[in-house]
There are 2 protein chains.
Amino acid sequence: MKLVCSKSNLLNGVQIVSKAVPNKTTMSILECILIDARGGNIKLIANDMELGIETLIEGNIVEKGLIALDAKIFLEIVRKLPDNDITIVTDSSYKTTITCEKAKFNIIGKSGDDFSYLPSIEKIDSIIVSQFTLKEVIRQTIFSISDNDSNKLMTGELFEINEDILKVVSLDGHRISIRKIGLKNFYMSKKVVVPGKTLSEISKILSGGMEEDVHIFFTDKHIVFEFESTTVVSRLIEGEYFKIDQMLSSDYETKVRINKKEFLNCIDRATLLVKEGDKKPIIINIIDGMMELKINSTVGSMNEEIDIDKKGKDIMIGFNPKFLIDALRVIDDEEIDIYLVNPKAPCFIRDVEEKYTYLILPVNFTTVN
Amino acid sequence: MKLVCSKSNLLNGVQIVSKAVPNKTTMSILECILIDARGGNIKLIANDMELGIETLIEGNIVEKGLIALDAKIFLEIVRKLPDNDITIVTDSSYKTTITCEKAKFNIIGKSGDDFSYLPSIEKIDSIIVSQFTLKEVIRQTIFSISDNDSNKLMTGELFEINEDILKVVSLDGHRISIRKIGLKNFYMSKKVVVPGKTLSEISKILSGGMEEDVHIFFTDKHIVFEFESTTVVSRLIEGEYFKIDQMLSSDYETKVRINKKEFLNCIDRATLLVKEGDKKPIIINIIDGMMELKINSTVGSMNEEIDIDKKGKDIMIGFNPKFLIDALRVIDDEEIDIYLVNPKAPCFIRDVEEKYTYLILPVNFTTVN
């Protein structure tokens, strides 16, 4: 194989597919990026058996061929070469020479024959969203998946399509994040659970442009994301997702309208008194026109008042401050509405159109003072 | 005690003195910052017994007093408070209330009586350099001190004054870094060894302005740096520094003029094949008009050629690439001169005026290929 391509094209491609290279594996072929230049184009592929990424790069194929190169070393070499044309030459014993200007690297590749290609997927069912929308919706929900494998479904996100609405849901047993996105077309109903890892890797690759589309295809076992010259194929998580509609309620006893930034900064200040691992709740006392926040820890205590607009009953309720912070950080609205029932029931942060809903369970607290 | 000062003044002061707060200590009073408002000004002090920092901040003293506050918590609180006036009030039981707008923190301080103040130093002998110069000279030499305590003198840097020249030297047994700075005045001869920790903390505090002066005072046991409203006092390392003049020689067999950036980028590329801890030398082969760099590792091999201007003999020599990189990174010249004798003798990178001299010992290598 012999091919020539610009450093910037090659680097971009290698960075994209590297996202599907596993950190730890017993199969050394999975640590490789496959360069497939057997056809008329240069294809880079990586695949950790759950998630596979393929991207086409521009370049000149002088001699067709195939080689698998260690992803980490290959990425480092390409990254550090001068900004000029890079030539990659392999011989029959997989010796690979990478040259750029006067720099010349020799590394030993692997036969591409052992490489596990991406599964071929019949691309029928698809929806279209912009890169911006997909990247945003991942950011706005990914924090509330569970990193504990004991319930596999909690490590993924529900993607549910109903007519022209895409609903994305994540939950970890303490909170639920829901985002609804309006689609340009109407689609068949669909419900899949996408692994959190797939989503976080994809969001690193997405440029996030408003004008660039992502085509998302679904099969029973897989989800495929296509954008620019890149195809991402991921297995789905099997099983039936949680029935979240039962957990949502639109009844409330107290409704609070508050400035999001003030609220967030205040919680952020309060948490500095709490050492990591120390599960101190922040206590929120809501009365007419005012919310008082209090935290007590071994280090000291803090309290602060924020002006609010309140409807309904007074309430005192405790929360894990991190859960409030996570939700508040991904809400763009300046003013938000919080709906509360009682100190044992979840609170809801949601907008009127329900484009976003964040449910957070309260925690018990003992009133000292 | 009661005082009021702006968040920005207080934060700046606390950040400065925090540099003298030890990470680990058995004496909890050393983890504190002392606020001394007994006189007409607000003084912040921290002291780890080796290094002490004192800074004055602007503010309004409503009630004179003294309190020691946990440095980490105090810094975090100040950092996260809104950008407005901060009020600090203490009572006789060291309970401290820090308020800003509607936020109110309560923490427990300590009596200032147990605090170890900075030693009082007779400030007679002093030199003046700009903040820029001091910050630069530390950056340009600090990397070649030893972090191994077995030879205490190697963990510090020599500051040697001779007439109107300040010479700063650091060495770790494999290399020597020397910088010479012209002073505006003539001074008495002086030779002290300053702890590396003191220098790296100071360089973080220095704004690095060309117009701002630093006054440096010397006593037998201490060095004092005074700039803006800050005083830094550090113990000196006792003992006689190494006789480096014996190690320096101006004889050479080969002189190479090379583009610094090309040389640095090339070594940087070569090192990507070397795993950390794996002591592979980079082999440099110098012939007329050309330097060839080679590295071989278990991962692969790399070679590259750079155009040079050579005088004297051909030579092949091996180096620890990190030592070359460290020196090259802090040299500003576009073209540098390298002086070599033989593959067992140190190489020198130095400018004609000897404002900088970097000595690096070569390493043995076995020529494969």
# chains A, B, ... in the order shown; residues from 1 in each chain; ligands from 1

$ residues_around --residues "Val224 of chain B" --least-positions-apart "6" --cutoff "9 Å" --atoms "only C-alpha atoms" --output "list in words"
Ile121, Lys123, Ser126, His215, Ile216, Phe217, Phe218, Thr231, Val232, Val233, Ser234 and Arg235 of chain B

$ write_last_selection --atoms "all heavy atoms" --output "compact mmCIF listing (two decimals), in the first residue's frame"
# COMPACT_ATOMS: atom_id res chain seq x y z
N ILE B 121 14.17 40.48 59.35
CA ILE B 121 15.43 40.45 58.62
C ILE B 121 15.96 41.88 58.53
O ILE B 121 15.21 42.80 58.22
CB ILE B 121 15.20 39.93 57.19
CG1 ILE B 121 14.50 38.56 57.21
CG2 ILE B 121 16.48 39.90 56.40
CD1 ILE B 121 15.37 37.41 57.53
N LYS B 123 17.42 44.46 56.52
CA LYS B 123 17.50 44.60 55.06
C LYS B 123 18.60 45.59 54.67
O LYS B 123 18.35 46.80 54.61
CB LYS B 123 16.15 45.04 54.51
CG LYS B 123 15.10 43.97 54.62
CD LYS B 123 13.72 44.50 54.34
CE LYS B 123 12.66 43.51 54.75
NZ LYS B 123 11.34 44.11 54.93
N SER B 126 21.16 44.61 49.11
CA SER B 126 20.08 44.28 48.19
C SER B 126 20.47 44.53 46.75
O SER B 126 21.35 45.33 46.45
CB SER B 126 18.83 45.10 48.52
OG SER B 126 18.77 46.26 47.72
N HIS B 215 13.08 43.93 44.80
CA HIS B 215 14.27 44.16 45.62
C HIS B 215 14.62 42.84 46.30
O HIS B 215 13.77 42.24 46.94
CB HIS B 215 14.02 45.23 46.68
CG HIS B 215 13.81 46.58 46.09
ND1 HIS B 215 14.73 47.60 46.20
CD2 HIS B 215 12.79 47.09 45.36
CE1 HIS B 215 14.29 48.67 45.57
NE2 HIS B 215 13.10 48.38 45.05
N ILE B 216 15.85 42.41 46.13
CA ILE B 216 16.28 41.15 46.74
C ILE B 216 17.32 41.45 47.80
O ILE B 216 18.35 42.08 47.52
CB ILE B 216 16.86 40.18 45.69
CG1 ILE B 216 15.89 40.02 44.50
CG2 ILE B 216 17.17 38.82 46.32
CD1 ILE B 216 16.41 39.13 43.39
N PHE B 217 17.02 41.06 49.05
CA PHE B 217 17.95 41.27 50.17
C PHE B 217 18.56 39.94 50.58
O PHE B 217 17.90 38.91 50.48
CB PHE B 217 17.21 41.84 51.39
CG PHE B 217 16.56 43.17 51.12
CD1 PHE B 217 15.27 43.22 50.62
CD2 PHE B 217 17.24 44.35 51.38
CE1 PHE B 217 14.65 44.43 50.37
CE2 PHE B 217 16.62 45.57 51.13
CZ PHE B 217 15.32 45.62 50.63
N PHE B 218 19.79 40.01 51.07
CA PHE B 218 20.46 38.78 51.50
C PHE B 218 20.93 38.90 52.94
O PHE B 218 21.41 39.96 53.34
CB PHE B 218 21.70 38.53 50.64
CG PHE B 218 21.41 38.41 49.18
CD1 PHE B 218 21.45 39.53 48.35
CD2 PHE B 218 21.09 37.18 48.63
CE1 PHE B 218 21.19 39.42 47.00
CE2 PHE B 218 20.84 37.07 47.28
CZ PHE B 218 20.88 38.19 46.46
N THR B 231 6.10 40.70 50.52
CA THR B 231 7.43 40.34 50.98
C THR B 231 7.51 38.82 51.07
O THR B 231 6.67 38.19 51.71
CB THR B 231 7.70 40.93 52.37
OG1 THR B 231 7.46 42.34 52.31
CG2 THR B 231 9.13 40.67 52.81
N VAL B 232 8.52 38.24 50.43
CA VAL B 232 8.73 36.81 50.50
C VAL B 232 10.05 36.57 51.21
O VAL B 232 11.08 37.12 50.81
CB VAL B 232 8.79 36.18 49.09
CG1 VAL B 232 9.06 34.68 49.19
CG2 VAL B 232 7.52 36.46 48.33
N VAL B 233 10.01 35.79 52.30
CA VAL B 233 11.24 35.48 53.03
C VAL B 233 11.47 33.98 52.93
O VAL B 233 10.56 33.19 53.18
CB VAL B 233 11.10 35.87 54.52
CG1 VAL B 233 12.39 35.53 55.27
CG2 VAL B 233 10.78 37.34 54.65
N SER B 234 12.67 33.60 52.56
CA SER B 234 12.97 32.17 52.48
C SER B 234 14.28 31.88 53.16
O SER B 234 15.22 32.67 53.11
CB SER B 234 13.04 31.74 51.02
OG SER B 234 13.63 30.47 50.89
N ARG B 235 14.36 30.73 53.82
CA ARG B 235 15.64 30.24 54.29
C ARG B 235 16.53 29.94 53.11
O ARG B 235 16.05 29.59 52.03
CB ARG B 235 15.45 28.91 55.03
CG ARG B 235 15.13 29.04 56.47
CD ARG B 235 15.00 27.63 57.05
NE ARG B 235 14.28 27.68 58.30
CZ ARG B 235 14.87 27.93 59.46
NH1 ARG B 235 16.18 28.11 59.54
NH2 ARG B 235 14.14 28.00 60.58

$ interface_residues --of "chain A" --to "chain B" --cutoff "6 Å" --atoms "only C-alpha atoms" --output "PyMOL selection string"
chain A and resi 80+102-107+269+300-305

$ write_last_selection --atoms "C-alpha atoms" --output "PDB file, in the first residue's frame"
ATOM      1  CA  LYS A  80       3.780  15.559  15.635  1.00  0.00           C
ATOM      2  CA  LYS A 102      12.714  14.875   6.192  1.00  0.00           C
ATOM      3  CA  ALA A 103      11.147  12.910   9.056  1.00  0.00           C
ATOM      4  CA  LYS A 104      10.792   9.170   8.626  1.00  0.00           C
ATOM      5  CA  PHE A 105       9.091   6.739  11.031  1.00  0.00           C
ATOM      6  CA  ASN A 106       9.208   2.953  10.810  1.00  0.00           C
ATOM      7  CA  ILE A 107       6.639   0.958  12.723  1.00  0.00           C
ATOM      8  CA  ARG A 269     -20.696  28.522  47.014  1.00  0.00           C
ATOM      9  CA  GLY A 300     -18.560  25.590  58.859  1.00  0.00           C
ATOM     10  CA  SER A 301     -21.943  26.808  57.773  1.00  0.00           C
ATOM     11  CA  MET A 302     -23.282  28.993  55.027  1.00  0.00           C
ATOM     12  CA  ASN A 303     -26.591  30.630  54.318  1.00  0.00           C
ATOM     13  CA  GLU A 304     -27.835  32.925  51.617  1.00  0.00           C
ATOM     14  CA  GLU A 305     -31.119  34.418  50.475  1.00  0.00           C
TER      15      GLU A 305
END

$ closest_atom_pairs --of "segment 215-313 of chain B" --to "segment 322-333 of chain B" --cutoff "9 Å" --atoms "only C-alpha atoms" --output "Markdown table"
| residue | atom | partner | partner_atom | distance |
| --- | --- | --- | --- | --- |
| B:Asn259 | CA | B:Asp333 | CA | 8.8 |
| B:Lys260 | CA | B:Leu328 | CA | 6.9 |
| B:Lys261 | CA | B:Leu328 | CA | 8.3 |
| B:Phe263 | CA | B:Leu328 | CA | 8.4 |
| B:Leu264 | CA | B:Ile325 | CA | 6.2 |
| B:Asn265 | CA | B:Ile325 | CA | 9.0 |
| B:Ile267 | CA | B:Ile325 | CA | 7.1 |
| B:Asp268 | CA | B:Ile325 | CA | 7.3 |
| B:Thr271 | CA | B:Lys322 | CA | 8.2 |

$ write_last_selection --atoms "N, CA, C and O atoms" --output "mmCIF file, in the first residue's frame"
data_model
loop_
_atom_site.group_PDB
_atom_site.id
_atom_site.type_symbol
_atom_site.label_atom_id
_atom_site.label_comp_id
_atom_site.auth_asym_id
_atom_site.auth_seq_id
_atom_site.Cartn_x
_atom_site.Cartn_y
_atom_site.Cartn_z
ATOM 1 N N ASN B 259 18.986 25.538 13.496
ATOM 2 C CA ASN B 259 17.731 26.220 13.790
ATOM 3 C C ASN B 259 17.091 25.549 15.010
ATOM 4 O O ASN B 259 16.845 24.357 15.016
ATOM 5 N N LYS B 260 16.839 26.370 16.045
ATOM 6 C CA LYS B 260 16.394 25.801 17.309
ATOM 7 C C LYS B 260 15.059 25.087 17.176
ATOM 8 O O LYS B 260 14.861 24.009 17.710
ATOM 9 N N LYS B 261 14.129 25.725 16.459
ATOM 10 C CA LYS B 261 12.782 25.162 16.382
ATOM 11 C C LYS B 261 12.764 23.828 15.630
ATOM 12 O O LYS B 261 12.116 22.870 16.051
ATOM 13 N N PHE B 263 15.221 21.743 15.389
ATOM 14 C CA PHE B 263 15.899 20.771 16.250
ATOM 15 C C PHE B 263 14.936 20.282 17.340
ATOM 16 O O PHE B 263 14.771 19.085 17.572
ATOM 17 N N LEU B 264 14.249 21.224 17.966
ATOM 18 C CA LEU B 264 13.331 20.892 19.057
ATOM 19 C C LEU B 264 12.165 20.032 18.552
ATOM 20 O O LEU B 264 11.830 19.001 19.147
ATOM 21 N N ASN B 265 11.551 20.434 17.439
ATOM 22 C CA ASN B 265 10.420 19.660 16.899
ATOM 23 C C ASN B 265 10.842 18.246 16.544
ATOM 24 O O ASN B 265 10.086 17.288 16.745
ATOM 25 N N ILE B 267 13.321 16.437 17.877
ATOM 26 C CA ILE B 267 13.521 15.615 19.084
ATOM 27 C C ILE B 267 12.159 15.257 19.688
ATOM 28 O O ILE B 267 11.926 14.148 20.147
ATOM 29 N N ASP B 268 11.264 16.215 19.647
ATOM 30 C CA ASP B 268 9.918 16.001 20.171
ATOM 31 C C ASP B 268 9.234 14.846 19.433
ATOM 32 O O ASP B 268 8.595 13.986 20.041
ATOM 33 N N THR B 271 10.766 11.417 20.446
ATOM 34 C CA THR B 271 10.471 10.898 21.778
ATOM 35 C C THR B 271 9.118 10.199 21.848
ATOM 36 O O THR B 271 8.857 9.483 22.803
#

$ residues_around --residues "segment 155-165 of chain A" --least-positions-apart "6" --cutoff "10 Å" --atoms "only C-alpha atoms" --output "count of residues only"
40

$ select_by_dssp --residues "segment 27-145 of chain A" --states "strand (DSSP E)" --output "PyMOL selection string"
chain A and resi 32-37+42-47+51-57+60-63+65-70+85-90+95-100+103-108+126-130
